[in-house]
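> File name structure_22.cif; file contents mmCIF, C-alpha atoms; full text below.
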data_structure
#
loop_
_atom_site.group_PDB
_atom_site.id
_atom_site.type_symbol
_atom_site.label_atom_id
_atom_site.label_comp_id
_atom_site.auth_asym_id
_atom_site.auth_seq_id
_atom_site.Cartn_x
_atom_site.Cartn_y
_atom_site.Cartn_z
ATOM 1 C CA MET A 1 13.801 -4.915 21.198
ATOM 2 C CA ASP A 2 17.098 -6.752 21.589
ATOM 3 C CA MET A 3 17.029 -6.270 25.348
ATOM 4 C CA GLU A 4 13.274 -6.717 25.782
ATOM 5 C CA VAL A 5 12.683 -9.875 23.785
ATOM 6 C CA VAL A 6 16.001 -11.348 22.656
ATOM 7 C CA GLY A 7 17.825 -10.664 25.915
ATOM 8 C CA ALA A 8 14.874 -12.005 27.886
ATOM 9 C CA GLY A 9 14.948 -15.217 25.869
ATOM 10 C CA ILE A 10 11.471 -14.696 24.408
ATOM 11 C CA ILE A 11 12.809 -15.028 20.857
ATOM 12 C CA ASN A 12 16.163 -16.084 19.504
ATOM 13 C CA GLU A 13 16.554 -13.330 16.899
ATOM 14 C CA TRP A 14 14.694 -10.673 14.930
ATOM 15 C CA LYS A 15 15.658 -8.779 11.826
ATOM 16 C CA ALA A 16 14.283 -5.879 9.795
ATOM 17 C CA LEU A 17 14.170 -6.795 6.108
ATOM 18 C CA PRO A 18 14.580 -3.682 3.920
ATOM 19 C CA TYR A 19 13.382 -3.595 0.344
ATOM 20 C CA ASP A 20 13.488 -1.152 -2.560
ATOM 21 C CA TRP A 21 10.211 0.772 -2.894
ATOM 22 C CA ARG A 22 10.896 1.523 -6.552
ATOM 23 C CA PHE A 23 10.305 -2.075 -7.586
ATOM 24 C CA ASP A 24 7.096 -4.049 -7.822
ATOM 25 C CA LEU A 25 6.228 -6.869 -5.436
ATOM 26 C CA GLU A 26 7.347 -9.785 -7.608
ATOM 27 C CA GLU A 27 10.585 -7.979 -8.501
ATOM 28 C CA ILE A 28 11.403 -7.467 -4.825
ATOM 29 C CA LEU A 29 10.786 -11.120 -4.013
ATOM 30 C CA ALA A 30 12.864 -12.271 -6.988
ATOM 31 C CA GLY A 31 15.791 -9.973 -6.191
ATOM 32 C CA GLY A 32 17.850 -8.801 -3.275
ATOM 33 C CA LYS A 33 21.580 -9.283 -3.068
ATOM 34 C CA VAL A 34 24.002 -8.047 -0.420
ATOM 35 C CA VAL A 35 26.581 -5.937 -2.265
ATOM 36 C CA GLY A 36 28.389 -4.444 0.710
ATOM 37 C CA SER A 37 27.928 -2.960 4.152
ATOM 38 C CA ALA A 38 28.400 0.323 5.968
ATOM 39 C CA GLY A 39 28.250 1.039 9.668
ATOM 40 C CA GLY A 40 27.263 -2.535 10.381
ATOM 41 C CA LEU A 41 24.275 -2.342 8.009
ATOM 42 C CA GLU A 42 23.946 -4.373 4.829
ATOM 43 C CA ASN A 43 23.791 -2.674 1.450
ATOM 44 C CA ILE A 44 21.239 -4.616 -0.594
ATOM 45 C CA SER A 45 20.561 -4.272 -4.313
ATOM 46 C CA TYR A 46 17.249 -5.347 -5.850
ATOM 47 C CA ILE A 47 18.181 -4.388 -9.403
ATOM 48 C CA GLU A 48 18.602 -7.950 -10.666
ATOM 49 C CA ALA A 49 16.847 -11.241 -9.990
ATOM 50 C CA THR A 50 18.866 -13.903 -8.203
ATOM 51 C CA SER A 51 18.590 -17.580 -7.302
ATOM 52 C CA THR A 52 19.054 -16.608 -3.642
ATOM 53 C CA PRO A 53 16.602 -13.712 -3.123
ATOM 54 C CA TYR A 54 17.376 -11.763 0.027
ATOM 55 C CA ILE A 55 13.995 -11.795 1.780
ATOM 56 C CA PHE A 56 13.414 -15.517 1.245
ATOM 57 C CA GLU A 57 16.965 -16.362 2.287
ATOM 58 C CA GLU A 58 16.682 -14.336 5.480
ATOM 59 C CA LEU A 59 13.329 -15.891 6.358
ATOM 60 C CA ALA A 60 14.835 -19.330 5.801
ATOM 61 C CA ARG A 61 17.816 -18.506 8.014
ATOM 62 C CA LEU A 62 15.606 -17.128 10.784
ATOM 63 C CA ALA A 63 13.352 -20.194 10.657
ATOM 64 C CA LYS A 64 16.325 -22.521 11.014
ATOM 65 C CA SER A 65 17.731 -20.565 13.974
ATOM 66 C CA SER A 66 14.364 -20.177 15.722
ATOM 67 C CA ASN A 67 14.010 -21.947 19.066
ATOM 68 C CA SER A 68 10.528 -23.090 18.071
ATOM 69 C CA GLY A 69 11.256 -23.497 14.376
ATOM 70 C CA LYS A 70 8.562 -20.895 13.694
ATOM 71 C CA LEU A 71 8.516 -17.363 12.269
ATOM 72 C CA THR A 72 6.387 -14.295 12.936
ATOM 73 C CA ILE A 73 6.185 -11.688 10.183
ATOM 74 C CA ILE A 74 5.385 -8.107 11.218
ATOM 75 C CA ALA A 75 4.631 -5.863 8.249
ATOM 76 C CA HIS A 76 3.690 -2.196 8.042
ATOM 77 C CA SER A 77 1.938 -0.312 5.222
ATOM 78 C CA ASN A 78 3.197 -1.403 1.785
ATOM 79 C CA GLY A 79 5.227 -4.098 3.529
ATOM 80 C CA GLY A 80 1.932 -5.802 4.329
ATOM 81 C CA LEU A 81 1.082 -6.045 0.635
ATOM 82 C CA LEU A 82 4.524 -7.546 0.083
ATOM 83 C CA ALA A 83 3.995 -10.046 2.919
ATOM 84 C CA LYS A 84 0.616 -11.173 1.576
ATOM 85 C CA TYR A 85 2.039 -11.501 -1.934
ATOM 86 C CA LEU A 86 4.919 -13.577 -0.549
ATOM 87 C CA LEU A 87 2.526 -15.906 1.260
ATOM 88 C CA LYS A 88 0.420 -16.270 -1.865
ATOM 89 C CA GLU A 89 3.539 -17.162 -3.865
ATOM 90 C CA ILE A 90 4.824 -19.866 -1.538
ATOM 91 C CA GLU A 91 1.459 -21.632 -1.480
ATOM 92 C CA ASP A 92 2.578 -23.019 -4.836
ATOM 93 C CA GLU A 93 4.052 -26.449 -4.069
ATOM 94 C CA THR A 94 6.639 -25.997 -6.831
ATOM 95 C CA HIS A 95 8.001 -22.800 -5.270
ATOM 96 C CA PRO A 96 11.574 -23.313 -3.958
ATOM 97 C CA TYR A 97 10.594 -21.779 -0.609
ATOM 98 C CA HIS A 98 7.241 -23.547 -0.289
ATOM 99 C CA TRP A 99 8.502 -25.228 2.888
ATOM 100 C CA LEU A 100 8.459 -21.838 4.644
ATOM 101 C CA LEU A 101 4.654 -21.916 4.636
ATOM 102 C CA ASP A 102 4.751 -24.427 7.502
ATOM 103 C CA LYS A 103 7.305 -22.341 9.409
ATOM 104 C CA ILE A 104 5.288 -19.099 9.545
ATOM 105 C CA ASP A 105 2.861 -19.185 12.457
ATOM 106 C CA LYS A 106 1.791 -15.544 12.681
ATOM 107 C CA VAL A 107 1.483 -12.492 10.407
ATOM 108 C CA ILE A 108 0.865 -9.079 11.973
ATOM 109 C CA LEU A 109 -0.368 -6.424 9.546
ATOM 110 C CA VAL A 110 0.008 -2.872 10.867
ATOM 111 C CA ALA A 111 -1.795 -0.080 8.970
ATOM 112 C CA VAL A 112 -1.692 -1.980 5.695
ATOM 113 C CA PRO A 113 -3.696 -0.568 2.741
ATOM 114 C CA GLN A 114 -4.858 -4.069 1.878
ATOM 115 C CA ILE A 115 -7.446 -2.906 -0.654
ATOM 116 C CA GLY A 116 -5.877 0.490 -1.346
ATOM 117 C CA THR A 117 -6.456 4.007 -0.084
ATOM 118 C CA PRO A 118 -7.888 7.200 -1.659
ATOM 119 C CA ALA A 119 -4.764 9.092 -0.590
ATOM 120 C CA ALA A 120 -2.940 7.342 -3.440
ATOM 121 C CA VAL A 121 -5.372 8.813 -5.979
ATOM 122 C CA GLU A 122 -4.506 12.346 -4.895
ATOM 123 C CA GLY A 123 -0.797 11.537 -4.888
ATOM 124 C CA LEU A 124 -0.741 10.051 -8.386
ATOM 125 C CA LEU A 125 -2.986 12.706 -9.932
ATOM 126 C CA HIS A 126 -1.313 15.785 -8.457
ATOM 127 C CA GLY A 127 1.857 14.707 -6.661
ATOM 128 C CA ASP A 128 0.468 15.764 -3.295
ATOM 129 C CA GLU A 129 1.992 14.197 -0.207
ATOM 130 C CA PRO A 130 4.506 12.088 -2.154
ATOM 131 C CA GLN A 131 5.128 9.803 0.775
ATOM 132 C CA LEU A 132 1.387 9.396 1.436
ATOM 133 C CA GLY A 133 1.954 10.618 4.958
ATOM 134 C CA ALA A 134 -0.426 11.694 7.697
ATOM 135 C CA ASN A 135 -1.443 15.102 6.331
ATOM 136 C CA VAL A 136 -2.451 14.352 2.763
ATOM 137 C CA GLY A 137 -3.025 17.611 0.934
ATOM 138 C CA PRO A 138 -1.480 20.157 -1.410
ATOM 139 C CA VAL A 139 1.883 20.275 0.338
ATOM 140 C CA ASP A 140 4.998 21.578 -1.384
ATOM 141 C CA TRP A 141 7.989 19.849 0.168
ATOM 142 C CA GLY A 142 10.305 22.536 -1.194
ATOM 143 C CA PHE A 143 13.940 21.564 -0.916
ATOM 144 C CA ILE A 144 13.075 17.879 -0.367
ATOM 145 C CA VAL A 145 10.824 17.246 -3.374
ATOM 146 C CA ASP A 146 8.128 19.406 -4.933
ATOM 147 C CA GLU A 147 4.787 18.281 -6.340
ATOM 148 C CA GLU A 148 6.025 18.202 -9.938
ATOM 149 C CA ARG A 149 8.870 15.797 -9.217
ATOM 150 C CA ALA A 150 6.791 13.784 -6.768
ATOM 151 C CA ARG A 151 4.087 13.169 -9.364
ATOM 152 C CA GLU A 152 6.581 12.223 -12.050
ATOM 153 C CA LEU A 153 8.268 9.828 -9.633
ATOM 154 C CA VAL A 154 5.163 7.964 -8.469
ATOM 155 C CA GLU A 155 3.639 7.900 -11.964
ATOM 156 C CA ASN A 156 6.600 5.786 -13.058
ATOM 157 C CA MET A 157 6.715 3.512 -9.990
ATOM 158 C CA LYS A 158 4.734 0.293 -10.359
ATOM 159 C CA SER A 159 4.583 -0.058 -6.584
ATOM 160 C CA ALA A 160 2.644 3.208 -6.202
ATOM 161 C CA TYR A 161 -0.199 1.819 -8.313
ATOM 162 C CA ASN A 162 -0.678 -1.024 -5.803
ATOM 163 C CA LEU A 163 -1.796 1.593 -3.261
ATOM 164 C CA LEU A 164 -4.756 2.702 -5.385
ATOM 165 C CA PRO A 165 -8.227 1.477 -4.353
ATOM 166 C CA SER A 166 -8.751 -2.016 -5.718
ATOM 167 C CA GLU A 167 -11.965 -3.560 -6.986
ATOM 168 C CA ARG A 168 -12.771 -4.954 -3.532
ATOM 169 C CA TYR A 169 -12.384 -1.501 -1.991
ATOM 170 C CA PHE A 170 -15.788 -0.582 -3.362
ATOM 171 C CA ASP A 171 -17.365 -3.553 -1.574
ATOM 172 C CA PHE A 172 -16.202 -2.134 1.765
ATOM 173 C CA VAL A 173 -16.406 1.653 1.388
ATOM 174 C CA GLU A 174 -19.541 3.511 0.314
ATOM 175 C CA SER A 175 -17.997 6.991 0.134
ATOM 176 C CA PRO A 176 -17.107 8.078 -3.420
ATOM 177 C CA ILE A 177 -13.462 8.381 -4.406
ATOM 178 C CA VAL A 178 -14.037 11.550 -6.455
ATOM 179 C CA GLU A 179 -16.872 14.080 -6.458
ATOM 180 C CA PHE A 180 -17.642 16.606 -9.199
ATOM 181 C CA ASN A 181 -19.169 19.915 -8.197
ATOM 182 C CA GLU A 182 -21.638 21.804 -10.365
ATOM 183 C CA ASN A 183 -18.941 23.957 -11.949
ATOM 184 C CA SER A 184 -16.710 21.068 -13.017
ATOM 185 C CA SER A 185 -18.137 21.172 -16.552
ATOM 186 C CA ASP A 186 -16.528 24.605 -16.975
ATOM 187 C CA ALA A 187 -13.138 22.884 -16.982
ATOM 188 C CA TYR A 188 -14.046 19.434 -18.304
ATOM 189 C CA ASP A 189 -17.392 17.716 -18.664
ATOM 190 C CA PHE A 190 -16.832 15.095 -15.969
ATOM 191 C CA ARG A 191 -20.474 15.099 -14.917
ATOM 192 C CA ASN A 192 -21.559 14.013 -18.367
ATOM 193 C CA LEU A 193 -19.152 11.066 -18.149
ATOM 194 C CA TYR A 194 -19.544 10.011 -14.516
ATOM 195 C CA GLY A 195 -22.460 11.858 -12.969
ATOM 196 C CA GLU A 196 -21.824 13.578 -9.646
ATOM 197 C CA LYS A 197 -19.254 11.104 -8.346
ATOM 198 C CA ILE A 198 -16.966 8.166 -8.974
ATOM 199 C CA ASP A 199 -18.001 5.249 -6.802
ATOM 200 C CA THR A 200 -17.196 2.139 -8.856
ATOM 201 C CA PHE A 201 -13.907 0.499 -9.763
ATOM 202 C CA GLU A 202 -14.595 0.725 -13.499
ATOM 203 C CA GLU A 203 -15.261 4.461 -13.286
ATOM 204 C CA LEU A 204 -12.087 5.025 -11.286
ATOM 205 C CA GLN A 205 -10.013 3.133 -13.845
ATOM 206 C CA ASP A 206 -11.419 5.227 -16.705
ATOM 207 C CA PHE A 207 -10.853 8.429 -14.736
ATOM 208 C CA LEU A 208 -7.220 7.561 -13.996
ATOM 209 C CA LEU A 209 -6.631 6.629 -17.649
ATOM 210 C CA GLY A 210 -7.858 10.013 -18.862
ATOM 211 C CA ASP A 211 -11.494 9.200 -19.687
ATOM 212 C CA PRO A 212 -10.942 7.034 -22.812
ATOM 213 C CA GLN A 213 -14.687 6.317 -22.969
ATOM 214 C CA SER A 214 -15.239 9.927 -24.070
ATOM 215 C CA GLY A 215 -13.730 9.140 -27.471
ATOM 216 C CA THR A 216 -10.914 11.667 -27.234
ATOM 217 C CA GLY A 217 -9.889 11.557 -23.590
ATOM 218 C CA ARG A 218 -7.635 13.876 -21.637
ATOM 219 C CA PHE A 219 -4.018 14.449 -22.566
ATOM 220 C CA GLU A 220 -1.264 13.968 -20.024
ATOM 221 C CA PRO A 221 -0.356 17.409 -18.643
ATOM 222 C CA ALA A 222 3.100 18.916 -18.799
ATOM 223 C CA ALA A 223 5.413 17.843 -16.000
ATOM 224 C CA ASN A 224 5.319 21.314 -14.424
ATOM 225 C CA ASP A 225 1.501 21.482 -14.491
ATOM 226 C CA GLU A 226 0.650 19.630 -11.289
ATOM 227 C CA GLU A 227 -2.696 21.442 -11.028
ATOM 228 C CA SER A 228 -4.107 19.515 -13.997
ATOM 229 C CA LEU A 229 -5.190 15.920 -13.539
ATOM 230 C CA ASN A 230 -2.555 13.379 -14.455
ATOM 231 C CA VAL A 231 -3.139 10.492 -16.870
ATOM 232 C CA LEU A 232 -1.749 7.212 -15.567
ATOM 233 C CA LYS A 233 -0.078 4.312 -17.333
ATOM 234 C CA PRO A 234 -2.454 1.526 -18.524
ATOM 235 C CA TYR A 235 0.137 -1.235 -18.128
ATOM 236 C CA PHE A 236 0.862 -0.293 -14.514
ATOM 237 C CA LEU A 237 -2.843 -0.034 -13.686
ATOM 238 C CA SER A 238 -3.626 -3.444 -15.162
ATOM 239 C CA GLY A 239 -0.654 -4.940 -13.331
ATOM 240 C CA ALA A 240 -1.887 -3.554 -10.010
ATOM 241 C CA LYS A 241 -5.335 -5.017 -10.671
ATOM 242 C CA LEU A 242 -3.892 -8.487 -11.262
ATOM 243 C CA LYS A 243 -1.885 -8.311 -8.039
ATOM 244 C CA HIS A 244 -4.880 -7.220 -6.007
ATOM 245 C CA ASP A 245 -6.953 -10.004 -7.530
ATOM 246 C CA ASP A 246 -4.479 -12.340 -5.803
ATOM 247 C CA ILE A 247 -3.799 -10.381 -2.607
ATOM 248 C CA ASP A 248 -7.386 -9.367 -1.888
ATOM 249 C CA ASN A 249 -8.668 -12.920 -2.233
ATOM 250 C CA TRP A 250 -5.879 -14.565 -0.237
ATOM 251 C CA THR A 251 -7.019 -16.555 2.773
ATOM 252 C CA ALA A 252 -4.612 -17.597 5.488
ATOM 253 C CA PRO A 253 -3.915 -21.318 5.956
ATOM 254 C CA GLU A 254 -5.144 -22.735 9.256
ATOM 255 C CA ASN A 255 -1.615 -22.845 10.669
ATOM 256 C CA ILE A 256 -1.078 -19.078 10.226
ATOM 257 C CA GLU A 257 -2.666 -16.563 12.581
ATOM 258 C CA VAL A 258 -3.284 -13.143 11.017
ATOM 259 C CA ILE A 259 -3.593 -10.068 13.226
ATOM 260 C CA GLN A 260 -4.754 -6.845 11.556
ATOM 261 C CA ILE A 261 -4.056 -3.596 13.417
ATOM 262 C CA ALA A 262 -5.844 -0.448 12.248
ATOM 263 C CA GLY A 263 -5.472 3.114 13.447
ATOM 264 C CA TRP A 264 -8.246 5.685 13.435
ATOM 265 C CA GLY A 265 -9.024 9.207 14.622
ATOM 266 C CA ILE A 266 -6.629 11.123 12.329
ATOM 267 C CA LYS A 267 -8.069 13.321 9.567
ATOM 268 C CA PHE A 268 -6.955 12.528 6.034
ATOM 269 C CA CYS A 269 -8.128 12.217 2.441
ATOM 270 C CA ALA A 270 -11.407 10.328 1.982
ATOM 271 C CA SER A 271 -12.292 11.715 -1.446
ATOM 272 C CA LEU A 272 -11.448 14.704 -3.591
ATOM 273 C CA SER A 273 -13.207 17.337 -5.657
ATOM 274 C CA THR A 274 -11.469 17.678 -8.999
ATOM 275 C CA LEU A 275 -12.059 21.299 -9.935
ATOM 276 C CA ASP A 276 -10.677 23.040 -6.855
ATOM 277 C CA ARG A 277 -8.631 20.134 -5.478
ATOM 278 C CA ASP A 278 -10.670 20.323 -2.301
ATOM 279 C CA ILE A 279 -9.931 17.273 -0.170
ATOM 280 C CA LEU A 280 -12.834 15.832 1.791
ATOM 281 C CA LYS A 281 -11.493 14.339 4.988
ATOM 282 C CA THR A 282 -12.491 11.568 7.363
ATOM 283 C CA HIS A 283 -11.426 10.427 10.826
ATOM 284 C CA GLU A 284 -12.007 6.794 9.866
ATOM 285 C CA GLY A 285 -8.357 5.895 9.486
ATOM 286 C CA ASP A 286 -4.799 6.560 10.593
ATOM 287 C CA GLY A 287 -3.989 9.539 8.385
ATOM 288 C CA THR A 288 -3.171 7.452 5.320
ATOM 289 C CA VAL A 289 -5.164 4.220 5.292
ATOM 290 C CA VAL A 290 -8.950 4.122 5.622
ATOM 291 C CA LEU A 291 -10.175 1.830 8.380
ATOM 292 C CA PRO A 292 -11.919 -0.795 6.181
ATOM 293 C CA SER A 293 -8.755 -1.275 4.124
ATOM 294 C CA ALA A 294 -6.559 -1.927 7.160
ATOM 295 C CA VAL A 295 -8.909 -4.692 8.384
ATOM 296 C CA ALA A 296 -10.083 -6.026 5.021
ATOM 297 C CA MET A 297 -9.477 -9.710 5.753
ATOM 298 C CA SER A 298 -12.579 -11.470 7.014
ATOM 299 C CA THR A 299 -12.655 -12.650 10.624
ATOM 300 C CA SER A 300 -15.091 -15.441 9.807
ATOM 301 C CA THR A 301 -12.293 -17.912 10.549
ATOM 302 C CA PRO A 302 -10.782 -18.097 14.061
ATOM 303 C CA ASN A 303 -7.208 -17.503 12.857
ATOM 304 C CA VAL A 304 -7.896 -13.925 11.649
ATOM 305 C CA GLU A 305 -8.322 -11.074 14.145
ATOM 306 C CA ARG A 306 -8.752 -7.292 14.155
ATOM 307 C CA TYR A 307 -7.460 -4.703 16.616
ATOM 308 C CA TYR A 308 -8.033 -0.946 16.628
ATOM 309 C CA VAL A 309 -5.913 1.912 17.958
ATOM 310 C CA ASN A 310 -7.388 5.373 18.588
ATOM 311 C CA ILE A 311 -4.334 7.339 17.487
ATOM 312 C CA ARG A 312 -5.870 10.723 18.235
ATOM 313 C CA ASN A 313 -6.543 9.842 21.875
ATOM 314 C CA TYR A 314 -3.173 8.128 22.212
ATOM 315 C CA ASN A 315 -1.350 11.194 20.885
ATOM 316 C CA LYS A 316 -3.267 13.455 23.273
ATOM 317 C CA ARG A 317 -2.229 11.361 26.253
ATOM 318 C CA ARG A 318 1.379 11.356 25.090
ATOM 319 C CA ILE A 319 1.455 15.148 24.649
ATOM 320 C CA TYR A 320 -0.354 16.161 27.801
#
Using structure tokens, write down the structure that the file contains.

Amino acid sequence: MDMEVVGAGIINEWKALPYDWRFDLEEILAGGKVVGSAGGLENISYIEATSTPYIFEELARLAKSSNSGKLTIIAHSNGGLLAKYLLKEIEDETHPYHWLLDKIDKVILVAVPQIGTPAAVEGLLHGDEPQLGANVGPVDWGFIVDEERARELVENMKSAYNLLPSERYFDFVESPIVEFNENSSDAYDFRNLYGEKIDTFEELQDFLLGDPQSGTGRFEPAANDEESLNVLKPYFLSGAKLKHDDIDNWTAPENIEVIQIAGWGIKFCASLSTLDRDILKTHEGDGTVVLPSAVAMSTSTPNVERYYVNIRNYNKRRIY
């Protein structure tokens, strides 16, 4: 990119802004401090809040050095949620970086689970595909990280909960998140609680919390029992809901162009059957994010656009 766009004089500078996945969105934006460097790369700590948060400071520096005085933000996956949360924050006129709102002219969202993805449900319940990669399923990563450790990790990461389907997800996607087969009552009477499927936000919340509406509810399984359904943390779930209430309803100011890029054609988790952990797959997405989630922002205003990439066909052309 340095040779293609910087060397050609198209832009003055670009920079990748790393962040710590373990922290929630507001913690990332409040923190970030350079604590050293290695091999020419900065070592950044997000452990503590600071008056000079790294991402805001870098955006401010780039805006001031820009030939046009403008910034373009390109964000992928969870980074898109962070970008939208940042933009929502600086709309507040009392925010110390509110002035950046006039400096950002374009936001490009690449494969962003804007309203969540069902792959996160499988990951948090069973620890499958801990990185929510392209082949969501019962994969044991062996020497890297197994399902037991993966589930324990994501269960205790606030950021992972932001990837769960939000309330608006159910306005866009008709397919159920979870389906219960006829034999599910042999293990647990899910059908009595939910019917044949979970297809509302309220039902999904109860299911993830261990069915509290039943009176007794499910107990959280032992750490080494990844086959049993996990029970998630109420505080983290409610926090994710509040964030999505902001992110999902954010509309771009007229001066900011938003480009949403969605991939499709790769099979991945669309819903799951609880008893046998059978994963029902769809091609309507990029292997992690369902298509409607990646293009969730309305194009009713001229400054919001959608683009689609057929990844399956692209990969075929690249291979052959």
> Using the chain letters and numbering of this document, enumerate as a ChimeraX atom specification the residues selected by the PyMOL selection byres ((chain A and resi 28) around 10).
/A:19-27,29-32,45-49,53-55,82,86
> Counting all atoms listed in the file, which residue out of A:Glu182, A:Ser65, A:Leu232, A:Val290 sits closest to Phe219 of chain A?
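Of all the options, A:Leu232 lies closest to Phe219 of chain A.
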> Check which residues satisfy the PyMOL selection byres ((chain A and resi 253) around 10) in the file shown, then give them as a PyMOL selection string.
chain A and resi 87+91+101-102+105+250-252+254-258+303
> I need the output of the PyMOL selection byres ((chain A and resi 172) around 8) for this file as a ChimeraX atom specification; which residues are they?
/A:168-171,173-174,292-293,296
> Would you mind reading off the distance between atom CA of Asp189 of chain A and atom CA of Leu208 of chain A, one decimal, in Å?
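A separation of 15.1 Å between them.
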> With all atoms listed in the file as the atoms that count, which of A:Tyr307, A:Asp225, A:Arg61, A:Gly80 lies nearest to Glu148 of chain A?
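Checking each candidate against Glu148 of chain A, we get A:Asp225 as the closest.
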> Quick one: contact table of segment 176-295 of chain A to segment 156-161 of chain A, 7 Å max, nearest atom pair and distance in Å to one decimal per residue, counting only C-alpha atoms, chain and number order, as a tab-separated table?

residue	atom	partner	partner_atom	distance
A:Phe236	CA	A:Lys158	CA	5.7
A:Leu237	CA	A:Tyr161	CA	6.3
A:Ala240	CA	A:Tyr161	CA	5.9
> Just the number, please: distance in Å from atom CA of Val35 of chain A to atom CA of Phe56 of chain A, one decimal.
16.7 Å
> Could you please determine the separation between atom CA of Ala83 of chain A and atom CA of Val107 of chain A in Å, to one decimal place?
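Spanning atom CA of Ala83 of chain A to atom CA of Val107 of chain A is a straight-line distance of 8.3 Å.
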> With only C-alpha atoms as the basis for distance, which of A:Ile261, A:Val231, A:Ile74, A:Val34 is at the shortest distance from Leu291 of chain A?
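Among A:Ile261, A:Val231, A:Ile74, A:Val34, it is A:Ile261 that comes nearest to Leu291 of chain A.
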> Using all atoms listed in the file, which of A:Ala63, A:Leu209, A:Ile115, A:Val289 sits nearest Leu229 of chain A?
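Closest residue, counting all atoms listed in the file: A:Leu209.
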> Rebuild segment 206-217 of chain A so that it carries N, CA and C atoms, then output the result as a PDB file, in the coordinates of the input.

ATOM      1  N   ASP A 206     -11.273   4.320 -15.561  1.00  0.00           N
ATOM      2  CA  ASP A 206     -11.419   5.227 -16.705  1.00  0.00           C
ATOM      3  C   ASP A 206     -10.923   6.627 -16.362  1.00  0.00           C
ATOM      4  N   PHE A 207     -11.253   7.095 -15.171  1.00  0.00           N
ATOM      5  CA  PHE A 207     -10.853   8.429 -14.736  1.00  0.00           C
ATOM      6  C   PHE A 207      -9.331   8.542 -14.669  1.00  0.00           C
ATOM      7  N   LEU A 208      -8.678   7.537 -14.125  1.00  0.00           N
ATOM      8  CA  LEU A 208      -7.220   7.561 -13.996  1.00  0.00           C
ATOM      9  C   LEU A 208      -6.525   7.436 -15.350  1.00  0.00           C
ATOM     10  N   LEU A 209      -7.203   6.801 -16.311  1.00  0.00           N
ATOM     11  CA  LEU A 209      -6.631   6.629 -17.649  1.00  0.00           C
ATOM     12  C   LEU A 209      -6.922   7.809 -18.569  1.00  0.00           C
ATOM     13  N   GLY A 210      -7.603   8.829 -18.054  1.00  0.00           N
ATOM     14  CA  GLY A 210      -7.858  10.013 -18.862  1.00  0.00           C
ATOM     15  C   GLY A 210      -9.161   9.972 -19.624  1.00  0.00           C
ATOM     16  N   ASP A 211     -10.143   9.237 -19.108  1.00  0.00           N
ATOM     17  CA  ASP A 211     -11.494   9.200 -19.687  1.00  0.00           C
ATOM     18  C   ASP A 211     -11.514   8.703 -21.138  1.00  0.00           C
ATOM     19  N   PRO A 212     -10.956   7.522 -21.421  1.00  0.00           N
ATOM     20  CA  PRO A 212     -10.942   7.034 -22.812  1.00  0.00           C
ATOM     21  C   PRO A 212     -12.335   6.788 -23.374  1.00  0.00           C
ATOM     22  N   GLN A 213     -13.332   6.583 -22.492  1.00  0.00           N
ATOM     23  CA  GLN A 213     -14.687   6.317 -22.969  1.00  0.00           C
ATOM     24  C   GLN A 213     -15.321   7.533 -23.628  1.00  0.00           C
ATOM     25  N   SER A 214     -14.690   8.711 -23.464  1.00  0.00           N
ATOM     26  CA  SER A 214     -15.239   9.927 -24.070  1.00  0.00           C
ATOM     27  C   SER A 214     -14.971   9.995 -25.568  1.00  0.00           C
ATOM     28  N   GLY A 215     -14.078   9.126 -26.052  1.00  0.00           N
ATOM     29  CA  GLY A 215     -13.730   9.140 -27.471  1.00  0.00           C
ATOM     30  C   GLY A 215     -12.407   9.821 -27.733  1.00  0.00           C
ATOM     31  N   THR A 216     -12.180  10.945 -27.068  1.00  0.00           N
ATOM     32  CA  THR A 216     -10.914  11.667 -27.234  1.00  0.00           C
ATOM     33  C   THR A 216     -10.040  11.532 -25.999  1.00  0.00           C
ATOM     34  N   GLY A 217     -10.636  11.690 -24.831  1.00  0.00           N
ATOM     35  CA  GLY A 217      -9.889  11.557 -23.590  1.00  0.00           C
ATOM     36  C   GLY A 217      -9.055  12.777 -23.270  1.00  0.00           C
TER      37      GLY A 217
END
